file input-v7.tsv (TSV, C-alpha atoms)
chain	number	residue	atom	x	y	z
F	1	MET	CA	39.64	-17.62	50.21
F	2	LYS	CA	37.00	-19.86	48.62
F	3	THR	CA	34.25	-17.50	49.87
F	4	THR	CA	36.03	-14.43	48.43
F	5	ALA	CA	36.45	-16.12	45.04
F	6	LEU	CA	32.78	-17.12	45.04
F	7	SER	CA	31.72	-13.56	45.93
F	8	LEU	CA	33.93	-12.16	43.18
F	9	LEU	CA	32.45	-14.59	40.65
F	10	SER	CA	28.90	-13.71	41.73
F	11	THR	CA	29.68	-9.99	41.40
F	12	LEU	CA	31.13	-10.52	37.91
F	13	LEU	CA	28.09	-12.55	36.85
F	14	LEU	CA	25.76	-9.88	38.20
F	15	CYS	CA	27.69	-7.16	36.34
F	16	ALA	CA	27.55	-9.16	33.12
F	17	LEU	CA	23.81	-9.68	33.56
F	18	THR	CA	23.28	-5.97	34.25
F	19	ILE	CA	25.28	-4.99	31.15
F	20	THR	CA	23.25	-7.44	29.03
F	21	THR	CA	19.98	-6.11	30.46
F	22	ASN	CA	21.01	-2.50	29.89
F	23	ALA	CA	22.06	-3.21	26.32
F	24	GLN	CA	18.62	-4.54	25.44
F	25	LYS	CA	16.16	-1.93	24.24
F	26	VAL	CA	12.40	-2.16	23.87
F	27	TYR	CA	10.89	0.05	21.17
F	28	ALA	CA	7.19	0.84	21.47
F	29	THR	CA	4.36	2.77	19.85
F	30	LYS	CA	0.68	3.12	20.64
F	31	THR	CA	-0.23	4.94	17.45
F	32	GLY	CA	1.03	2.68	14.68
F	33	GLN	CA	-1.08	2.07	11.61
F	34	VAL	CA	-2.61	-1.10	10.20
F	35	PHE	CA	-4.42	-0.92	6.86
F	36	PHE	CA	-6.91	-3.53	5.75
F	37	ASN	CA	-8.08	-3.98	2.17
F	38	ALA	CA	-10.56	-6.60	1.00
F	39	THR	CA	-11.90	-4.89	-2.11
F	40	GLY	CA	-13.46	-7.53	-4.33
F	41	GLY	CA	-15.61	-5.45	-6.65
F	42	ILE	CA	-16.16	-1.85	-7.59
F	43	GLU	CA	-16.83	-0.64	-4.06
F	44	LYS	CA	-13.69	-0.01	-2.01
F	45	ILE	CA	-13.62	-2.13	1.16
F	46	ALA	CA	-10.71	-0.73	3.09
F	47	ALA	CA	-10.06	0.56	6.58
F	48	VAL	CA	-7.30	1.93	8.76
F	49	ASN	CA	-6.53	1.53	12.44
F	50	ASN	CA	-4.45	4.42	13.82
F	51	GLN	CA	-4.13	3.11	17.40
F	52	THR	CA	-2.00	0.05	16.79
F	53	ASP	CA	-0.01	-0.98	19.84
F	54	SER	CA	3.36	-2.49	19.00
F	55	LYS	CA	6.58	-3.33	20.82
F	56	PHE	CA	9.77	-5.05	19.82
F	57	VAL	CA	13.05	-5.96	21.47
F	58	ASP	CA	16.18	-5.13	19.52
F	59	GLN	CA	18.32	-7.96	20.92
F	60	THR	CA	15.90	-10.86	20.56
F	61	GLY	CA	13.68	-9.62	17.75
F	62	GLN	CA	10.59	-10.44	19.79
F	63	ILE	CA	7.72	-8.40	18.37
F	64	ILE	CA	4.03	-7.82	19.02
F	65	PHE	CA	1.31	-5.91	17.21
F	66	ALA	CA	-2.17	-5.52	18.71
F	67	VAL	CA	-5.26	-3.73	17.43
F	68	LEU	CA	-8.80	-3.21	18.62
F	69	VAL	CA	-11.11	-4.38	15.86
F	70	LYS	CA	-13.65	-1.66	16.56
F	71	GLY	CA	-10.84	0.84	16.01
F	72	PHE	CA	-10.82	0.24	12.23
F	73	LYS	CA	-12.21	3.26	10.41
F	74	PHE	CA	-13.98	2.87	7.07
F	75	GLU	CA	-14.98	5.73	4.77
F	76	ASN	CA	-18.51	4.35	4.86
F	77	GLN	CA	-20.16	4.03	8.29
F	78	LEU	CA	-22.57	1.33	7.11
F	79	MET	CA	-19.65	-0.75	5.88
F	80	GLU	CA	-17.93	-0.29	9.25
F	81	ASP	CA	-21.07	-1.50	11.05
F	82	HIS	CA	-21.30	-4.59	8.83
F	83	PHE	CA	-17.58	-5.29	9.28
F	84	ASN	CA	-17.95	-5.30	13.07
F	85	GLU	CA	-21.33	-7.00	13.41
F	86	ASN	CA	-21.62	-9.46	10.54
F	87	TYR	CA	-18.03	-10.43	9.80
F	88	MET	CA	-15.56	-9.77	12.63
F	89	GLU	CA	-18.06	-10.16	15.50
F	90	SER	CA	-15.95	-7.59	17.27
F	91	SER	CA	-18.00	-7.54	20.48
F	92	LYS	CA	-17.10	-11.22	20.91
F	93	PHE	CA	-13.53	-10.90	19.56
F	94	PRO	CA	-12.49	-7.28	20.29
F	95	LYS	CA	-8.77	-7.73	19.60
F	96	ALA	CA	-6.52	-9.03	16.86
F	97	ASP	CA	-2.82	-9.50	17.41
F	98	PHE	CA	0.43	-10.83	16.05
F	99	LYS	CA	3.11	-12.27	18.32
F	100	GLY	CA	6.39	-13.45	16.88
F	101	TYR	CA	10.01	-12.69	16.08
F	102	ILE	CA	12.06	-10.75	13.59
F	103	THR	CA	14.17	-13.75	12.69
F	104	ASN	CA	17.10	-11.82	11.21
F	105	VAL	CA	17.26	-9.06	13.84
F	106	LYS	CA	21.01	-9.63	14.29
F	107	GLU	CA	21.56	-8.23	10.77
F	108	ILE	CA	20.19	-4.83	11.81
F	109	ASN	CA	22.55	-2.11	12.98
F	110	PHE	CA	20.28	0.02	15.15
F	111	SER	CA	22.92	2.72	15.45
F	112	LYS	CA	23.21	3.20	11.70
F	113	ASP	CA	20.53	4.86	9.57
F	114	GLY	CA	19.35	2.70	6.71
F	115	SER	CA	16.71	0.38	5.35
F	116	TYR	CA	17.00	-3.24	6.46
F	117	PRO	CA	14.99	-6.12	5.00
F	118	ILE	CA	13.40	-8.22	7.74
F	119	THR	CA	11.61	-11.55	8.00
F	120	VAL	CA	8.93	-11.89	10.64
F	121	ASP	CA	7.51	-15.23	11.81
F	122	GLY	CA	4.76	-15.70	14.35
F	123	ASP	CA	1.12	-16.28	15.19
F	124	LEU	CA	-1.60	-14.02	13.87
F	125	THR	CA	-4.84	-14.16	15.85
F	126	ILE	CA	-7.96	-12.77	14.21
F	127	HIS	CA	-11.56	-13.56	15.15
F	128	GLY	CA	-10.23	-15.82	17.92
F	129	VAL	CA	-8.35	-18.06	15.44
F	130	ALA	CA	-4.54	-18.22	15.50
F	131	LYS	CA	-2.54	-19.05	12.37
F	132	LYS	CA	1.17	-19.14	11.63
F	133	VAL	CA	2.31	-16.27	9.45
F	134	SER	CA	5.68	-15.60	7.86
F	135	THR	CA	6.24	-12.40	5.98
F	136	LYS	CA	8.92	-10.04	4.77
F	137	GLY	CA	9.09	-6.35	5.49
F	138	THR	CA	11.44	-3.45	6.00
F	139	LEU	CA	12.86	-1.92	9.14
F	140	LYS	CA	14.09	1.62	8.56
F	141	ILE	CA	16.30	3.48	10.97
F	142	GLU	CA	16.21	7.26	10.74
F	143	LYS	CA	18.02	9.33	13.36
F	144	GLY	CA	17.97	6.30	15.64
F	145	GLN	CA	14.19	5.87	15.37
F	146	PRO	CA	12.99	2.59	13.85
F	147	GLN	CA	10.01	2.23	11.54
F	148	ILE	CA	8.59	-1.11	10.41
F	149	GLU	CA	6.68	-1.50	7.17
F	150	GLY	CA	5.27	-4.71	5.78
F	151	GLU	CA	2.40	-6.24	3.90
F	152	PHE	CA	0.93	-9.71	3.84
F	153	VAL	CA	-2.18	-11.43	2.57
F	154	ILE	CA	-4.59	-13.59	4.57
F	155	LYS	CA	-7.40	-15.85	3.49
F	156	ILE	CA	-10.43	-14.46	5.33
F	157	LYS	CA	-12.15	-17.84	5.70
F	158	ASP	CA	-9.03	-19.34	7.35
F	159	TYR	CA	-9.91	-17.26	10.40
F	160	GLY	CA	-13.44	-18.59	10.69
F	161	ILE	CA	-14.93	-15.39	9.27
F	162	THR	CA	-18.06	-16.13	7.30
F	163	GLY	CA	-20.75	-13.97	5.85
F	164	LEU	CA	-22.29	-12.99	2.57
F	165	TYR	CA	-20.24	-11.57	-0.28
F	166	ILE	CA	-16.86	-13.11	0.70
F	167	GLY	CA	-15.24	-14.07	-2.58
F	168	ASP	CA	-17.54	-11.65	-4.41
F	169	LYS	CA	-17.84	-7.98	-3.37
F	170	ILE	CA	-15.48	-8.81	-0.51
F	171	ALA	CA	-12.23	-10.37	-1.70
F	172	ALA	CA	-11.49	-13.88	-0.42
F	173	ASP	CA	-7.95	-12.69	0.33
F	174	ALA	CA	-7.44	-9.51	2.33
F	175	SER	CA	-4.21	-7.56	2.32
F	176	ILE	CA	-2.91	-6.22	5.61
F	177	THR	CA	-0.34	-3.44	5.58
F	178	ILE	CA	1.61	-2.37	8.63
F	179	ASN	CA	3.36	0.92	9.20
F	180	CYS	CA	4.67	1.55	12.71
F	181	LYS	CA	7.03	4.31	13.79
F	182	TYR	CA	8.56	3.60	17.19
Y	183	MET	CA	-51.79	-2.72	-18.27
Y	184	LYS	CA	-49.24	-0.35	-19.73
Y	185	ARG	CA	-49.91	2.00	-16.84
Y	186	ILE	CA	-49.32	-0.75	-14.25
Y	187	ILE	CA	-45.98	-1.71	-15.84
Y	188	LEU	CA	-44.92	1.93	-15.93
Y	189	SER	CA	-45.90	2.43	-12.27
Y	190	ALA	CA	-43.99	-0.71	-11.27
Y	191	LEU	CA	-40.91	0.50	-13.16
Y	192	VAL	CA	-41.08	3.91	-11.48
Y	193	LEU	CA	-41.47	2.23	-8.08
Y	194	ILE	CA	-38.47	-0.04	-8.70
Y	195	LEU	CA	-36.45	2.98	-9.81
Y	196	ILE	CA	-37.37	4.92	-6.65
Y	197	ILE	CA	-36.46	1.95	-4.41
Y	198	ALA	CA	-33.15	1.43	-6.23
Y	199	ALA	CA	-32.30	5.15	-6.03
Y	200	SER	CA	-33.19	5.24	-2.31
Y	201	GLY	CA	-31.02	2.18	-1.64
Y	202	TYR	CA	-28.12	3.68	-3.57
Y	203	TYR	CA	-28.47	6.98	-1.71
Y	204	TYR	CA	-28.59	5.25	1.71
Y	205	VAL	CA	-25.66	2.90	1.12
Y	206	PHE	CA	-23.29	5.02	-0.92
Y	207	ILE	CA	-24.09	8.67	-0.11
Y	208	TYR	CA	-25.88	8.97	3.25
Y	209	SER	CA	-23.75	6.30	4.99
Y	210	LYS	CA	-20.55	7.78	3.61
Y	211	ASN	CA	-21.32	11.32	4.75
Y	212	ARG	CA	-23.17	10.52	7.98
Y	213	LYS	CA	-21.31	11.91	10.96
Y	214	PHE	CA	-22.07	10.86	14.50
Y	215	ASP	CA	-23.20	13.78	16.66
Y	216	MET	CA	-20.83	13.22	19.58
Y	217	GLU	CA	-21.59	16.57	21.19
Y	218	HIS	CA	-25.25	15.76	21.77
Y	219	ALA	CA	-24.91	12.01	22.28
Y	220	GLU	CA	-25.94	10.48	25.60
Y	221	SER	CA	-22.96	9.33	27.60
Y	222	MET	CA	-21.91	7.40	30.69
Y	223	ASN	CA	-19.82	9.33	33.21
Y	224	ILE	CA	-16.72	7.68	34.61
Y	225	LYS	CA	-13.33	8.65	36.06
Y	226	ALA	CA	-10.23	7.68	34.08
Y	227	ASP	CA	-8.82	5.68	36.97
Y	228	GLU	CA	-12.05	3.70	37.44
Y	229	LEU	CA	-12.19	2.92	33.72
Y	230	VAL	CA	-8.60	1.63	33.62
Y	231	LYS	CA	-9.18	-0.47	36.75
Y	232	ALA	CA	-12.37	-1.94	35.28
Y	233	PHE	CA	-10.46	-3.19	32.22
Y	234	GLN	CA	-7.47	-4.40	34.23
Y	235	GLU	CA	-9.57	-6.35	36.71
Y	236	ASN	CA	-12.07	-7.95	34.32
Y	237	GLU	CA	-11.61	-7.06	30.67
Y	238	ALA	CA	-14.49	-9.22	29.40
Y	239	ASN	CA	-16.91	-7.58	31.81
Y	240	ALA	CA	-15.57	-4.09	31.06
Y	241	ASN	CA	-16.03	-4.77	27.34
Y	242	LYS	CA	-19.67	-5.67	28.00
Y	243	LEU	CA	-20.16	-2.43	29.91
Y	244	TYR	CA	-18.17	0.06	27.86
Y	245	LEU	CA	-17.22	-1.27	24.39
Y	246	ASP	CA	-18.45	1.07	21.65
Y	247	LYS	CA	-20.33	3.18	24.20
Y	248	VAL	CA	-20.04	6.96	24.43
Y	249	LEU	CA	-18.20	7.77	27.66
Y	250	LEU	CA	-17.61	11.08	29.41
Y	251	ILE	CA	-14.31	10.52	31.18
Y	252	THR	CA	-12.86	12.78	33.84
Y	253	GLY	CA	-9.14	12.71	34.48
Y	254	VAL	CA	-5.82	14.49	34.66
Y	255	VAL	CA	-3.89	15.02	31.42
Y	256	GLY	CA	-0.74	12.93	31.59
Y	257	ALA	CA	0.44	13.54	28.03
Y	258	THR	CA	-0.53	15.16	24.76
Y	259	ALA	CA	0.84	14.07	21.42
Y	260	LYS	CA	0.25	13.74	17.73
Y	261	THR	CA	-0.43	10.26	16.42
Y	262	GLN	CA	1.50	8.84	13.50
Y	263	ALA	CA	-1.53	9.72	11.32
Y	264	GLY	CA	-1.33	13.35	12.47
Y	265	GLU	CA	-4.33	13.30	14.83
Y	266	ASN	CA	-4.13	15.00	18.22
Y	267	SER	CA	-4.25	12.68	21.19
Y	268	VAL	CA	-4.60	13.18	24.92
Y	269	THR	CA	-3.73	10.58	27.55
Y	270	LEU	CA	-5.46	10.77	30.92
Y	271	SER	CA	-3.43	9.31	33.77
Y	272	SER	CA	-4.56	6.61	36.14
Y	273	SER	CA	-3.07	5.31	39.38
Y	274	ASP	CA	-1.14	2.77	37.26
Y	275	PRO	CA	1.79	4.64	35.66
Y	276	PHE	CA	1.91	2.08	32.81
Y	277	SER	CA	-1.71	2.47	31.78
Y	278	GLY	CA	-4.13	5.32	31.16
Y	279	VAL	CA	-6.91	6.44	28.84
Y	280	MET	CA	-5.65	7.42	25.40
Y	281	ALA	CA	-8.11	9.50	23.43
Y	282	THR	CA	-7.72	10.42	19.79
Y	283	LEU	CA	-9.43	13.74	19.27
Y	284	ASP	CA	-11.94	14.47	16.55
Y	285	SER	CA	-10.25	16.39	13.74
Y	286	THR	CA	-12.47	19.43	14.39
Y	287	VAL	CA	-11.25	19.80	17.99
Y	288	THR	CA	-8.95	22.73	18.49
Y	289	SER	CA	-8.98	22.95	22.29
Y	290	GLN	CA	-5.59	23.29	23.86
Y	291	VAL	CA	-4.92	21.29	27.01
Y	292	ASN	CA	-1.86	21.11	29.18
Y	293	VAL	CA	-0.31	18.30	31.16
Y	294	GLY	CA	-1.73	18.43	34.69
Y	295	ASP	CA	-5.10	19.91	33.66
Y	296	THR	CA	-8.20	18.11	34.89
Y	297	ILE	CA	-10.49	17.69	31.91
Y	298	GLU	CA	-13.53	15.81	30.64
Y	299	ILE	CA	-13.27	13.86	27.40
Y	300	LYS	CA	-16.25	12.49	25.52
Y	301	GLY	CA	-15.77	9.74	22.94
Y	302	PHE	CA	-16.27	6.13	21.85
Y	303	CYS	CA	-14.61	3.44	23.95
Y	304	LYS	CA	-12.92	0.98	21.58
Y	305	GLY	CA	-11.43	-1.37	24.18
Y	306	PHE	CA	-8.17	-1.95	26.01
Y	307	LEU	CA	-4.61	-2.45	24.82
Y	308	SER	CA	-1.84	-0.83	26.89
Y	309	ASP	CA	-4.35	1.94	27.55
Y	310	VAL	CA	-8.12	2.20	27.27
Y	311	VAL	CA	-8.57	3.52	23.72
Y	312	ILE	CA	-11.08	6.30	23.00
Y	313	THR	CA	-11.77	7.64	19.50
Y	314	ASN	CA	-13.67	10.58	17.95
Y	315	ALA	CA	-13.16	12.38	21.24
Y	316	LEU	CA	-14.25	15.88	22.17
Y	317	ILE	CA	-12.93	17.89	25.08
Y	318	GLN	CA	-15.87	19.16	27.12
call {"tool": "encode", "arguments": {"input": "input-v7.tsv", "output": "structure tokens"}}
result
Amino acid sequence: MKTTALSLLSTLLLCALTITTNAQKVYATKTGQVFFNATGGIEKIAAVNNQTDSKFVDQTGQIIFAVLVKGFKFENQLMEDHFNENYMESSKFPKADFKGYITNVKEINFSKDGSYPITVDGDLTIHGVAKKVSTKGTLKIEKGQPQIEGEFVIKIKDYGITGLYIGDKIAADASITINCKY
Amino acid sequence: MKRIILSALVLILIIAASGYYYVFIYSKNRKFDMEHAESMNIKADELVKAFQENEANANKLYLDKVLLITGVVGATAKTQAGENSVTLSSSDPFSGVMATLDSTVTSQVNVGDTIEIKGFCKGFLSDVVITNALIQ
């Protein structure tokens, strides 16, 4: 009798675990966009990365964005070369990423179209230096497909990036804009 | 004396104009000639394995290099920015070679085709990422 009850309990627990696992959904994209703008003077210093890898889990809010630094495209090739060689040292630090959580993910109804304000907390790693970042953004649901948009500002020197013109032609603070359709 | 000053001014003007042309016009309009660029030949599966086994070493070998990659088309898609992309399969179903095609490329490829893609290797995320790619 005791064995039967134990088996029944185990089966129920397993079912509950399976239901929980099935209910959780991971959204992903490999072609999200990250825009970078550090214009400090007349000349525009801006780039876009169209191969942003991002995933998030709807139940926990766990989220990751990752980009390859050499994947940023500038309008000016010379500027792109300087960005990679003299500032980002992208051969040494080829990736930048953000790992964190959408802290208010429980407020999002993924089955209902709409625009939901989100708060994202986590660690941003650029140039091999990780810093805590907290920012607000928007998660839109359209026909069941989520899209995350957000913008935040970083101090370039906080990430150990040095080089001429920072604070002059290159702004000391760079704005990073994210737009990912999952 | 007047002549020397005038010559110096003209020289400075020429240097300044050349600098401006190089930085703001030539560099902006310069387009890499992918079609005629020298490349390293590699199979998609070998490239993915190289990054999975030792990413630092693979970066030393392939990062920002022009590669000519042979593989089987696993997927074709449009990126969020509207560019055409082709993913070459590898023996790992979760990872392949994702190439964003140059905007001038009009070649049509189908899933299952064996093709050669030539482009810049930008590193490894879920897939090995290739940009400015041409289909050979």
call {"tool": "residues_near_point", "arguments": {"input": "input-v7.tsv", "point": "(-5.1, -3.9, 25.7)", "cutoff": "12 Å", "atoms": "all atoms listed in the file", "output": "MDAnalysis selection string"}}
result
(chainID F and resid 30 51:54 64:69 94:97) or (chainID Y and resid 230 233:234 236:238 240:241 276:280 304:311)
call {"tool": "interface_residues", "arguments": {"input": "input-v7.tsv", "of": "chain F", "to": "chain Y", "cutoff": "12 Å", "atoms": "all atoms listed in the file", "output": "MDAnalysis selection string"}}
result
chainID F and resid 28:35 42:44 48:55 64:82 84:85 90:97 147 179:182
call {"tool": "atom_distance", "arguments": {"input": "input-v7.tsv", "atom1": "CA of Glu228 in chain Y", "atom2": "CA of Asp215 in chain Y"}}
result
25.6 Å
call {"tool": "residues_around", "arguments": {"input": "input-v7.tsv", "residues": "Ile118 in chain F", "least_positions_apart": "4", "cutoff": "7 Å", "atoms": "only C-alpha atoms", "output": "short mmCIF file (atom, residue, chain, number, x, y, z; two decimals) with C-alpha atoms, in the frame of the given file"}}
result
data_model
loop_
_atom_site.label_atom_id
_atom_site.label_comp_id
_atom_site.auth_asym_id
_atom_site.auth_seq_id
_atom_site.Cartn_x
_atom_site.Cartn_y
_atom_site.Cartn_z
CA ILE F 102 12.06 -10.75 13.59
CA ASN F 104 17.10 -11.82 11.21
CA LYS F 136 8.92 -10.04 4.77
CA GLY F 137 9.09 -6.35 5.49
CA THR F 138 11.44 -3.45 6.00
CA LEU F 139 12.86 -1.92 9.14
#
call {"tool": "atom_distance", "arguments": {"input": "input-v7.tsv", "atom1": "CA of Lys155 in chain F", "atom2": "CA of Asp173 in chain F"}}
result
4.5 Å
call {"tool": "atom_distance", "arguments": {"input": "input-v7.tsv", "atom1": "CA of Glu151 in chain F", "atom2": "CA of Pro117 in chain F"}}
result
12.6 Å
call {"tool": "closest_residue", "arguments": {"input": "input-v7.tsv", "among": "F:Val105, F:Ile148, F:Ile156, F:Ile141", "to": "Val129 in chain F", "atoms": "only C-alpha atoms"}}
result
F:Ile156
call {"tool": "residues_near_point", "arguments": {"input": "input-v7.tsv", "point": "(19.8, -3.5, 6.4)", "cutoff": "8 Å", "atoms": "only C-alpha atoms", "output": "list of chain:residue names"}}
result
F:Glu107, F:Ile108, F:Asn109, F:Gly114, F:Ser115, F:Tyr116, F:Pro117, F:Leu139, F:Lys140
call {"tool": "residues_around", "arguments": {"input": "input-v7.tsv", "residues": "Ile45 in chain F", "least_positions_apart": "3", "cutoff": "8 Å", "atoms": "all atoms listed in the file", "output": "list in words"}}
result
Asn37, Ala38, Thr39, Gly40, Phe74, Met79 and Ile170 of chain F
call {"tool": "closest_residue", "arguments": {"input": "input-v7.tsv", "among": "Y:Lys247, Y:Ala257, Y:Ser272, Y:Asn239", "to": "Gly301 in chain Y", "atoms": "all atoms listed in the file"}}
result
Y:Lys247
call {"tool": "build_atoms", "arguments": {"input": "input-v7.tsv", "residues": "range 233-242 of chain Y", "atoms": "all heavy atoms", "output": "short mmCIF file (atom, residue, chain, number, x, y, z; two decimals), in the frame of the given file"}}
result
data_model
loop_
_atom_site.label_atom_id
_atom_site.label_comp_id
_atom_site.auth_asym_id
_atom_site.auth_seq_id
_atom_site.Cartn_x
_atom_site.Cartn_y
_atom_site.Cartn_z
N PHE Y 233 -11.03 -2.35 33.28
CA PHE Y 233 -10.46 -3.19 32.22
C PHE Y 233 -9.36 -4.09 32.76
O PHE Y 233 -9.23 -5.23 32.32
CB PHE Y 233 -9.94 -2.32 31.07
CG PHE Y 233 -11.01 -1.96 30.08
CD1 PHE Y 233 -11.65 -0.75 30.14
CD2 PHE Y 233 -11.39 -2.86 29.10
CE1 PHE Y 233 -12.67 -0.41 29.23
CE2 PHE Y 233 -12.39 -2.55 28.18
CZ PHE Y 233 -13.03 -1.33 28.25
N GLN Y 234 -8.57 -3.59 33.69
CA GLN Y 234 -7.47 -4.40 34.23
C GLN Y 234 -7.99 -5.56 35.08
O GLN Y 234 -7.44 -6.65 35.05
CB GLN Y 234 -6.53 -3.53 35.06
CG GLN Y 234 -5.65 -2.62 34.20
CD GLN Y 234 -4.76 -1.72 35.02
OE1 GLN Y 234 -5.10 -1.34 36.13
NE2 GLN Y 234 -3.62 -1.35 34.46
N GLU Y 235 -9.06 -5.32 35.80
CA GLU Y 235 -9.57 -6.35 36.71
C GLU Y 235 -10.41 -7.40 35.99
O GLU Y 235 -10.34 -8.58 36.31
CB GLU Y 235 -10.38 -5.69 37.85
CG GLU Y 235 -9.45 -5.02 38.85
CD GLU Y 235 -10.19 -4.12 39.84
OE1 GLU Y 235 -11.43 -4.13 39.85
OE2 GLU Y 235 -9.50 -3.40 40.58
N ASN Y 236 -11.22 -6.99 35.04
CA ASN Y 236 -12.07 -7.95 34.32
C ASN Y 236 -12.39 -7.37 32.94
O ASN Y 236 -13.39 -6.69 32.75
CB ASN Y 236 -13.35 -8.22 35.12
CG ASN Y 236 -14.16 -9.35 34.52
OD1 ASN Y 236 -14.01 -9.69 33.35
ND2 ASN Y 236 -15.02 -9.94 35.33
N GLU Y 237 -11.50 -7.67 32.00
CA GLU Y 237 -11.61 -7.06 30.67
C GLU Y 237 -12.90 -7.47 29.95
O GLU Y 237 -13.55 -6.64 29.31
CB GLU Y 237 -10.39 -7.44 29.83
CG GLU Y 237 -10.30 -6.63 28.55
CD GLU Y 237 -9.02 -6.87 27.77
OE1 GLU Y 237 -8.05 -7.40 28.36
OE2 GLU Y 237 -8.99 -6.53 26.59
N ALA Y 238 -13.28 -8.74 30.09
CA ALA Y 238 -14.49 -9.22 29.40
C ALA Y 238 -15.72 -8.46 29.92
O ALA Y 238 -16.58 -8.02 29.14
CB ALA Y 238 -14.66 -10.71 29.62
N ASN Y 239 -15.77 -8.29 31.22
CA ASN Y 239 -16.91 -7.58 31.81
C ASN Y 239 -16.89 -6.10 31.42
O ASN Y 239 -17.93 -5.51 31.09
CB ASN Y 239 -16.85 -7.73 33.34
CG ASN Y 239 -18.12 -7.25 34.00
OD1 ASN Y 239 -19.21 -7.64 33.57
ND2 ASN Y 239 -17.99 -6.39 34.98
N ALA Y 240 -15.69 -5.51 31.43
CA ALA Y 240 -15.57 -4.09 31.06
C ALA Y 240 -15.98 -3.89 29.59
O ALA Y 240 -16.61 -2.89 29.26
CB ALA Y 240 -14.14 -3.62 31.29
N ASN Y 241 -15.62 -4.87 28.74
CA ASN Y 241 -16.03 -4.77 27.34
C ASN Y 241 -17.56 -4.77 27.23
O ASN Y 241 -18.12 -4.02 26.43
CB ASN Y 241 -15.46 -5.93 26.52
CG ASN Y 241 -14.04 -5.62 26.03
OD1 ASN Y 241 -13.70 -4.48 25.74
ND2 ASN Y 241 -13.22 -6.64 25.95
N LYS Y 242 -18.20 -5.62 28.03
CA LYS Y 242 -19.67 -5.67 28.00
C LYS Y 242 -20.26 -4.33 28.41
O LYS Y 242 -21.26 -3.87 27.87
CB LYS Y 242 -20.18 -6.75 28.96
CG LYS Y 242 -20.14 -8.13 28.36
CD LYS Y 242 -20.72 -9.13 29.34
CE LYS Y 242 -20.35 -10.54 28.90
NZ LYS Y 242 -20.47 -11.51 29.98
#
